[in-house]
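Colleague: This one is structure00.cif, mmCIF, C-alpha atoms.
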data_target
loop_
_atom_site.label_atom_id
_atom_site.label_comp_id
_atom_site.auth_asym_id
_atom_site.auth_seq_id
_atom_site.Cartn_x
_atom_site.Cartn_y
_atom_site.Cartn_z
CA MET A 1 48.74 52.00 -23.11
CA MET A 2 49.46 52.46 -26.82
CA ASP A 3 47.40 55.60 -27.24
CA GLY A 4 50.29 57.40 -28.88
CA SER A 5 50.42 61.09 -27.92
CA ASP A 6 53.40 61.64 -25.64
CA ARG A 7 54.15 58.11 -24.57
CA ARG A 8 57.84 57.54 -23.88
CA PHE A 9 59.57 54.23 -24.35
CA ASP A 10 61.19 54.07 -20.95
CA ASP A 11 62.73 50.94 -19.59
CA ARG A 12 60.22 49.13 -17.46
CA THR A 13 61.23 48.90 -13.84
CA PRO A 14 61.41 45.21 -12.93
CA GLY A 15 58.67 44.31 -10.45
CA VAL A 16 56.52 47.33 -11.14
CA GLU A 17 53.23 47.16 -12.92
CA GLU A 18 52.42 49.65 -15.63
CA HIS A 19 49.15 51.01 -14.30
CA GLU A 20 50.01 50.87 -10.66
CA SER A 21 46.95 52.72 -9.45
CA THR A 22 44.15 50.84 -11.19
CA ALA A 23 44.28 47.07 -11.31
CA SER A 24 47.16 46.02 -9.10
CA TYR A 25 45.33 44.43 -6.20
CA TRP A 26 43.39 42.40 -8.73
CA SER A 27 46.55 41.40 -10.53
CA TYR A 28 48.07 40.03 -7.32
CA THR A 29 44.84 38.32 -6.33
CA ALA A 30 44.44 36.73 -9.77
CA GLY A 31 48.05 35.56 -9.55
CA LEU A 32 47.47 34.07 -6.12
CA VAL A 33 44.36 32.19 -7.26
CA LEU A 34 46.10 30.80 -10.36
CA ALA A 35 49.20 29.82 -8.38
CA ILE A 36 47.11 28.04 -5.72
CA LEU A 37 45.21 26.21 -8.48
CA ALA A 38 48.49 25.09 -10.07
CA THR A 39 49.89 23.99 -6.71
CA ILE A 40 46.81 21.98 -5.75
CA THR A 41 46.69 20.38 -9.20
CA ALA A 42 50.36 19.41 -8.85
CA PHE A 43 49.72 17.78 -5.46
CA VAL A 44 46.68 15.91 -6.81
CA VAL A 45 48.54 14.76 -9.93
CA SER A 46 51.48 13.48 -7.91
CA GLN A 47 49.35 11.59 -5.39
CA SER A 48 46.65 10.09 -7.58
CA ASP A 49 46.27 7.99 -10.72
CA LEU A 50 44.82 10.90 -12.63
CA LEU A 51 47.65 10.80 -15.16
CA TRP A 52 49.20 7.79 -16.81
CA ALA A 53 52.00 6.88 -14.36
CA PRO A 54 55.04 7.43 -16.64
CA GLY A 55 53.60 10.81 -17.65
CA VAL A 56 53.31 12.18 -14.13
CA SER A 57 56.81 13.70 -14.11
CA VAL A 58 56.13 15.49 -17.38
CA GLY A 59 52.79 16.71 -16.03
CA LEU A 60 54.42 18.03 -12.87
CA ILE A 61 57.12 19.84 -14.86
CA VAL A 62 54.48 21.43 -17.10
CA LEU A 63 52.53 22.58 -14.03
CA ALA A 64 55.71 23.99 -12.47
CA PHE A 65 56.45 26.01 -15.61
CA ALA A 66 52.87 27.23 -15.71
CA GLN A 67 53.11 28.36 -12.11
CA ILE A 68 56.48 30.05 -12.66
CA GLY A 69 54.88 31.88 -15.60
CA VAL A 70 52.03 33.02 -13.36
CA HIS A 71 54.53 34.29 -10.78
CA LEU A 72 56.53 36.16 -13.42
CA VAL A 73 53.50 37.84 -14.96
CA PHE A 74 51.29 38.56 -11.94
CA PHE A 75 53.85 39.01 -9.13
CA LEU A 76 56.99 40.22 -10.91
CA HIS A 77 55.06 42.00 -13.71
CA VAL A 78 57.40 40.86 -16.47
CA GLY A 79 55.41 41.90 -19.51
CA SER A 80 55.78 41.60 -23.25
CA GLY A 81 55.71 45.31 -24.08
CA PRO A 82 58.62 47.13 -25.71
CA ASP A 83 59.56 48.62 -22.35
CA SER A 84 60.45 45.31 -20.75
CA THR A 85 62.91 44.31 -23.47
CA ASN A 86 65.92 44.63 -21.17
CA ASN A 87 64.26 42.70 -18.34
CA ILE A 88 63.14 39.95 -20.69
CA LEU A 89 66.58 39.66 -22.30
CA ALA A 90 68.25 39.28 -18.91
CA LEU A 91 65.62 36.71 -17.92
CA ALA A 92 66.09 34.80 -21.18
CA PHE A 93 69.83 34.61 -20.60
CA GLY A 94 69.28 33.38 -17.04
CA VAL A 95 66.83 30.73 -18.22
CA LEU A 96 69.31 29.61 -20.90
CA ILE A 97 72.06 29.10 -18.30
CA VAL A 98 69.68 27.32 -15.92
CA PHE A 99 68.64 24.88 -18.65
CA LEU A 100 72.21 24.29 -19.81
CA VAL A 101 73.34 23.49 -16.27
CA ILE A 102 70.42 21.25 -15.28
CA ILE A 103 69.79 19.38 -18.54
CA GLY A 104 73.52 19.18 -19.33
CA SER A 105 74.32 17.69 -15.93
CA CYS A 106 71.51 15.15 -16.11
CA TRP A 107 72.47 14.17 -19.66
CA ILE A 108 76.18 13.72 -18.92
CA ILE A 109 75.70 11.83 -15.66
CA ALA A 110 73.02 9.55 -17.15
CA ASN A 111 75.46 8.78 -19.96
CA LEU A 112 78.25 8.04 -17.46
CA ASN A 113 75.96 5.80 -15.43
CA ALA A 114 74.89 3.90 -18.52
CA ASN A 115 78.52 3.30 -19.51
CA MET A 116 79.68 2.29 -16.03
CA MET A 117 81.43 -1.05 -15.65
CA PRO A 118 79.18 -3.43 -13.73
CA MET A 119 79.99 -3.14 -10.04
CA SER A 120 81.08 -6.38 -8.39
CA GLU A 121 78.83 -7.48 -5.55
CA HIS A 122 80.70 -7.82 -2.28
CA MET B 1 78.77 75.20 -34.38
CA SER B 2 76.72 75.08 -31.23
CA THR B 3 77.52 73.04 -28.17
CA THR B 4 75.09 70.20 -27.57
CA THR B 5 73.97 69.77 -24.00
CA ILE B 6 72.24 66.79 -22.48
CA ASP B 7 69.06 68.85 -22.39
CA ASP B 8 69.27 69.33 -26.16
CA ALA B 9 69.66 65.59 -26.60
CA VAL B 10 66.61 64.98 -24.43
CA ALA B 11 64.62 67.51 -26.46
CA ALA B 12 65.75 65.93 -29.73
CA MET B 13 64.85 62.36 -28.79
CA PRO B 14 62.08 62.41 -26.21
CA ASP B 15 61.07 58.85 -27.02
CA ALA B 16 64.43 57.21 -26.68
CA ARG B 17 65.16 57.26 -22.97
CA GLY B 18 66.64 53.94 -21.85
CA HIS B 19 67.48 53.06 -25.45
CA GLY B 20 70.67 55.02 -25.89
CA GLY B 21 69.34 58.57 -26.07
CA GLY B 22 67.61 61.03 -23.82
CA GLY B 23 69.73 60.39 -20.76
CA PRO B 24 69.76 57.61 -18.23
CA ALA B 25 66.68 55.78 -16.99
CA PRO B 26 65.25 56.85 -13.61
CA ILE B 27 67.31 55.70 -10.62
CA ARG B 28 64.46 53.45 -9.49
CA THR B 29 64.61 51.56 -12.78
CA VAL B 30 68.40 51.30 -12.68
CA VAL B 31 68.38 50.00 -9.10
CA ALA B 32 65.63 47.47 -9.75
CA TYR B 33 67.30 46.31 -12.97
CA GLY B 34 70.59 45.76 -11.15
CA PHE B 35 68.77 43.80 -8.49
CA TRP B 36 66.95 41.80 -11.19
CA ILE B 37 70.39 40.80 -12.56
CA PHE B 38 71.45 39.75 -9.05
CA ILE B 39 68.31 37.63 -8.67
CA LEU B 40 68.92 35.93 -12.00
CA SER B 41 72.50 35.12 -10.97
CA ASP B 42 71.16 33.77 -7.68
CA ILE B 43 68.79 31.54 -9.65
CA VAL B 44 71.72 30.38 -11.81
CA MET B 45 73.45 29.37 -8.55
CA PHE B 46 70.33 27.46 -7.52
CA SER B 47 70.36 25.71 -10.90
CA GLY B 48 73.70 24.13 -9.91
CA LEU B 49 72.14 22.81 -6.71
CA PHE B 50 69.08 21.59 -8.63
CA ALA B 51 71.36 19.81 -11.09
CA ALA B 52 73.27 18.18 -8.21
CA TYR B 53 70.02 17.03 -6.62
CA ALA B 54 68.63 15.70 -9.89
CA VAL B 55 71.83 13.72 -10.47
CA LEU B 56 72.18 12.40 -6.90
CA SER B 57 68.54 11.86 -5.90
CA GLY B 58 68.72 8.15 -6.69
CA ASN B 59 71.93 7.51 -4.73
CA THR B 60 70.44 6.67 -1.35
CA ALA B 61 73.24 4.27 -0.32
CA GLY B 62 70.69 1.85 1.14
CA GLY B 63 69.30 4.62 3.36
CA PRO B 64 65.84 6.18 3.41
CA THR B 65 64.34 7.51 0.17
CA GLY B 66 62.18 10.54 -0.37
CA LEU B 67 59.11 8.33 -0.20
CA ASP B 68 60.09 7.29 3.36
CA LEU B 69 60.97 10.78 4.54
CA PHE B 70 58.69 13.38 2.99
CA ASN B 71 55.41 14.30 4.62
CA LEU B 72 53.40 15.91 1.84
CA ARG B 73 50.74 17.31 4.16
CA ARG B 74 53.40 19.38 5.88
CA VAL B 75 54.97 20.37 2.56
CA TYR B 76 51.55 21.52 1.38
CA ILE B 77 51.13 23.84 4.38
CA GLU B 78 54.70 25.07 3.87
CA THR B 79 54.01 25.83 0.21
CA MET B 80 50.81 27.72 0.97
CA CYS B 81 52.57 29.78 3.66
CA LEU B 82 55.23 30.88 1.21
CA LEU B 83 52.75 31.50 -1.60
CA VAL B 84 50.45 33.66 0.52
CA SER B 85 53.45 35.49 1.97
CA SER B 86 54.49 36.34 -1.59
CA TYR B 87 50.97 37.72 -2.12
CA THR B 88 50.99 39.82 1.05
CA CYS B 89 54.50 41.02 0.18
CA GLY B 90 53.24 42.26 -3.19
CA LEU B 91 50.27 43.99 -1.56
CA GLY B 92 52.62 45.50 1.03
CA ALA B 93 54.89 46.93 -1.66
CA LEU B 94 51.81 48.32 -3.39
CA SER B 95 50.53 49.96 -0.20
CA ALA B 96 53.96 51.48 0.34
CA GLU B 97 53.91 52.91 -3.19
CA ARG B 98 50.54 54.49 -2.37
CA ARG B 99 51.93 55.87 0.91
CA GLN B 100 49.47 53.82 2.99
CA LEU B 101 51.67 53.29 6.02
CA GLY B 102 49.21 51.35 8.19
CA ARG B 103 48.35 48.93 5.41
CA PHE B 104 52.01 48.47 4.58
CA LEU B 105 52.85 47.57 8.19
CA MET B 106 49.97 45.10 8.34
CA PHE B 107 51.01 43.35 5.10
CA ALA B 108 54.66 43.35 6.15
CA ALA B 109 53.66 41.70 9.43
CA CYS B 110 51.63 39.05 7.51
CA THR B 111 54.60 38.42 5.23
CA PHE B 112 56.92 38.04 8.19
CA VAL B 113 54.63 35.69 10.11
CA LEU B 114 54.00 33.47 7.06
CA GLY B 115 57.71 33.38 6.20
CA ALA B 116 58.54 32.49 9.78
CA ALA B 117 55.88 29.75 9.74
CA PHE B 118 57.48 28.35 6.58
CA LEU B 119 60.89 28.34 8.25
CA PHE B 120 59.49 26.74 11.41
CA ILE B 121 57.92 23.88 9.45
CA GLU B 122 61.12 23.40 7.45
CA GLY B 123 63.19 23.47 10.65
CA THR B 124 61.07 20.81 12.35
CA GLU B 125 61.25 18.70 9.17
CA PHE B 126 65.05 18.92 9.12
CA ALA B 127 65.31 18.21 12.85
CA GLY B 128 62.98 15.21 12.51
CA MET B 129 65.04 13.80 9.63
CA VAL B 130 68.33 14.23 11.47
CA SER B 131 66.94 12.59 14.61
CA ARG B 132 65.85 9.59 12.51
CA GLY B 133 69.41 9.13 11.30
CA ALA B 134 68.66 10.72 7.91
CA GLY B 135 71.04 13.66 8.22
CA PRO B 136 73.07 15.14 5.39
CA SER B 137 75.92 12.65 5.91
CA ARG B 138 73.71 9.59 5.43
CA SER B 139 73.74 9.45 1.62
CA ALA B 140 74.47 11.50 -1.48
CA PHE B 141 70.72 11.96 -1.90
CA LEU B 142 70.41 13.49 1.57
CA SER B 143 73.52 15.67 1.11
CA ALA B 144 72.01 17.13 -2.05
CA PHE B 145 68.61 17.47 -0.37
CA PHE B 146 69.91 19.39 2.64
CA THR B 147 72.10 21.60 0.43
CA LEU B 148 69.31 22.55 -1.97
CA VAL B 149 66.45 22.95 0.51
CA GLY B 150 68.77 24.40 3.15
CA THR B 151 70.11 27.06 0.77
CA HIS B 152 66.54 28.08 0.00
CA GLY B 153 65.84 28.21 3.74
CA VAL B 154 68.90 30.41 4.29
CA HIS B 155 67.58 32.76 1.63
CA VAL B 156 64.20 32.91 3.36
CA THR B 157 65.93 33.59 6.68
CA SER B 158 67.96 36.44 5.23
CA GLY B 159 64.77 37.75 3.60
CA LEU B 160 63.07 37.86 7.01
CA ILE B 161 66.03 39.71 8.56
CA TRP B 162 66.00 42.13 5.63
CA LEU B 163 62.25 42.67 6.05
CA MET B 164 62.65 43.54 9.76
CA TYR B 165 65.38 45.99 8.84
CA LEU B 166 63.18 47.59 6.16
CA VAL B 167 60.19 47.93 8.46
CA ALA B 168 62.45 49.65 10.98
CA GLN B 169 63.61 51.99 8.20
CA VAL B 170 60.03 52.74 7.16
CA ILE B 171 59.10 53.57 10.75
CA ALA B 172 62.22 55.69 11.27
CA LYS B 173 62.45 57.46 7.91
CA GLY B 174 58.96 57.23 6.48
CA LEU B 175 58.15 56.07 2.95
CA SER B 176 60.82 58.12 1.22
CA ALA B 177 62.07 57.37 -2.30
CA PRO B 178 65.24 55.50 -1.20
CA VAL B 179 63.24 53.36 1.24
CA LEU B 180 60.70 52.60 -1.49
CA ARG B 181 63.54 51.47 -3.79
CA ARG B 182 64.78 49.09 -1.08
CA LEU B 183 61.26 47.77 -0.60
CA LEU B 184 61.01 47.17 -4.37
CA CYS B 185 64.23 45.14 -4.28
CA PHE B 186 62.97 43.18 -1.29
CA SER B 187 59.70 42.30 -3.00
CA LEU B 188 61.61 41.16 -6.11
CA PHE B 189 63.77 38.96 -3.86
CA TRP B 190 60.79 37.49 -2.02
CA HIS B 191 58.86 36.69 -5.24
CA ALA B 192 62.00 35.10 -6.69
CA LEU B 193 62.29 32.85 -3.60
CA ASP B 194 58.75 31.68 -4.24
CA ILE B 195 59.71 30.82 -7.83
CA VAL B 196 62.68 28.79 -6.58
CA TRP B 197 60.35 27.03 -4.15
CA VAL B 198 58.10 25.96 -7.05
CA GLY B 199 61.15 24.16 -8.45
CA VAL B 200 62.01 22.61 -5.07
CA LEU B 201 58.43 21.49 -4.52
CA THR B 202 58.19 19.86 -7.93
CA LEU B 203 61.61 18.25 -8.22
CA VAL B 204 62.25 17.30 -4.59
CA TYR B 205 58.93 16.70 -2.90
CA LEU B 206 56.30 15.86 -5.51
CA MET B 207 58.61 13.74 -7.68
CA GLY B 208 60.44 12.32 -4.65
CA ALA B 209 57.35 11.20 -2.72
CA ARG B 210 55.89 8.97 -5.42
#
Now that the file is in, can you turn its structure into structure tokens?

Modeller:
Amino acid sequence: MMDGSDRRFDDRTPGVEEHESTASYWSYTAGLVLAILATITAFVVSQSDLLWAPGVSVGLIVLAFAQIGVHLVFFLHVGSGPDSTNNILALAFGVLIVFLVIIGSCWIIANLNANMMPMSEH
Amino acid sequence: MSTTTIDDAVAAMPDARGHGGGGPAPIRTVVAYGFWIFILSDIVMFSGLFAAYAVLSGNTAGGPTGLDLFNLRRVYIETMCLLVSSYTCGLGALSAERRQLGRFLMFAACTFVLGAAFLFIEGTEFAGMVSRGAGPSRSAFLSAFFTLVGTHGVHVTSGLIWLMYLVAQVIAKGLSAPVLRRLLCFSLFWHALDIVWVGVLTLVYLMGAR
């Protein structure tokens, strides 16, 4: 990988693994196993008392992020090498917007709900 | 003063391709990068639907809640179908890269069948909810639910149509470079749908059925 000689710093093609011919089947299989583990853990956590009840949502969110990371690395082959800089930058911008939209909406609406006038009971 | 050609520039900076020198990146990289940008914008669109669901999920207007409606056993099978289809899709793309036509067709068929199974389970779930009076017009929660999960389902449906079209192209034209580029875009799309489903599963089903 970094053996010098005549290596060129090309842009990495999104979705393509670096050493296509050697370890790819294993990469997908490892990704599948990890993703299934994360999924099963998430189901178990949500349906049992394994975690302290108020912490279950946090646990599920952590598991979701872990699984998304597995998908990105093993299925989409988003790496950390210098070649994937462009792909990572685009991804980082996308993630920023996603967080702004979701967290911003929840924050604003929760604030509005908290400041609502009490509704009269009919 | 000599004229500088592109070839001279390539010779002068062999390391710099894709970083401003040495000419453009290969067409395959450009195509996949453009499609990567599309996928990210698609995910930004989904984030709006996720935000709407997160905000509205409590507003059931006295109607059924997620706890009443969601059948986690079915959702589990659905999730596994999509996850394994993502796996077979990756292996299919890999077989295509290696010009293994038979393997590619087998993995493409697996991907199609698993995706169709996912859609079938989702369709019966939607039909069951509507027949119980829990359609999208029942409450804000259900409107947001059908919009979010339905949009994902529409994406899966269009993915299946796209896959059929690509398999027809592979059979008709063989595994040529343009067809391989389209297959690469398709596999990016299909993996991205699985990532969106992880969000749907967590936010809608696992948090909703507690």

Colleague: From the set B:Met129, B:Phe118, B:Ala96, B:Leu188, which residue has the shortest atom-to-atom contact distance to Thr157 of chain B, counting all atoms listed in the file?

Modeller: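 The shortest atom-to-atom distance to Thr157 of chain B comes from B:Phe118.
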
Colleague: Given all atoms listed in the file as the basis, pick out the residue of B:Gly63, B:Gly153, B:Gly90, B:Gly123 nearest to chain A.

Modeller: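 Closest to chain A of all the choices is B:Gly90.
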
Colleague: At what distance in Å, to one decimal, does atom CA of Tyr25 of chain A lie from atom CA of Leu114 of chain B?

Modeller: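 Computed distance, atom CA of Leu114 of chain B to atom CA of Tyr25 of chain A, equals 19.3 Å.
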
Colleague: Have a look at B:Gly159, B:Pro26, B:Gly48, B:Gly58 and name the one nearest to Ala116 of chain B; count only C-alpha atoms.

Modeller: B:Gly159

Colleague: Assuming the chain letters and numbering stay as they are in my file, what does the PyMOL selection byres ((chain A and resi 66-79) around 8) actually select? List them as a PyMOL selection string.

Modeller: (chain A and resi 14-17+27-28+30-31+34-35+38-39+62-65+80-81+84+87-88) or (chain B and resi 87+90+188+191+195+198)

Colleague: Here's the selection I'm unsure about, the PyMOL selection byres ((chain B) within 7 of (chain A)); applied to the file above, which residues does it give, as an MDAnalysis selection string?

Modeller: chainID B and resid 14:18 25 29 32:33 36:37 40 44 47:48 50:51 54:55 87 90:91 188 191 195 198:199 202 206:207 210

Colleague: What is the atom CA of Phe145 of chain B to atom CA of Phe70 of chain B distance in Å?

Modeller: 11.2 Å

Colleague: Using Å and a single decimal, report how far atom CA of Phe189 of chain B sits from atom CA of Phe46 of chain B.

Modeller: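 One can read the atom CA of Phe46 of chain B to atom CA of Phe189 of chain B distance as 13.7 Å.
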
Colleague: For each of B:Asp68, B:Leu183, B:Thr79, B:Val31, take the minimum atom-to-atom distance to Ala168 of chain B, counting all atoms listed in the file, then give the residue where this is smallest.

Modeller: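 Between B:Asp68, B:Leu183, B:Thr79, B:Val31, the residue approaching Ala168 of chain B most closely is B:Leu183.
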
Colleague: So which residues get picked by the PyMOL selection byres ((chain B and resi 170) around 10) here, written as a PDB file with C-alpha atoms, in the frame of the given file?

Modeller:
ATOM      1  CA  ALA B  96      53.960  51.480   0.340  1.00  0.00           C
ATOM      2  CA  LEU B 101      51.670  53.290   6.020  1.00  0.00           C
ATOM      3  CA  PHE B 104      52.010  48.470   4.580  1.00  0.00           C
ATOM      4  CA  LEU B 105      52.850  47.570   8.190  1.00  0.00           C
ATOM      5  CA  MET B 164      62.650  43.540   9.760  1.00  0.00           C
ATOM      6  CA  TYR B 165      65.380  45.990   8.840  1.00  0.00           C
ATOM      7  CA  LEU B 166      63.180  47.590   6.160  1.00  0.00           C
ATOM      8  CA  VAL B 167      60.190  47.930   8.460  1.00  0.00           C
ATOM      9  CA  ALA B 168      62.450  49.650  10.980  1.00  0.00           C
ATOM     10  CA  GLN B 169      63.610  51.990   8.200  1.00  0.00           C
ATOM     11  CA  ILE B 171      59.100  53.570  10.750  1.00  0.00           C
ATOM     12  CA  ALA B 172      62.220  55.690  11.270  1.00  0.00           C
ATOM     13  CA  LYS B 173      62.450  57.460   7.910  1.00  0.00           C
ATOM     14  CA  GLY B 174      58.960  57.230   6.480  1.00  0.00           C
ATOM     15  CA  LEU B 175      58.150  56.070   2.950  1.00  0.00           C
ATOM     16  CA  SER B 176      60.820  58.120   1.220  1.00  0.00           C
ATOM     17  CA  VAL B 179      63.240  53.360   1.240  1.00  0.00           C
ATOM     18  CA  LEU B 180      60.700  52.600  -1.490  1.00  0.00           C
ATOM     19  CA  LEU B 183      61.260  47.770  -0.600  1.00  0.00           C
TER      20      LEU B 183
END
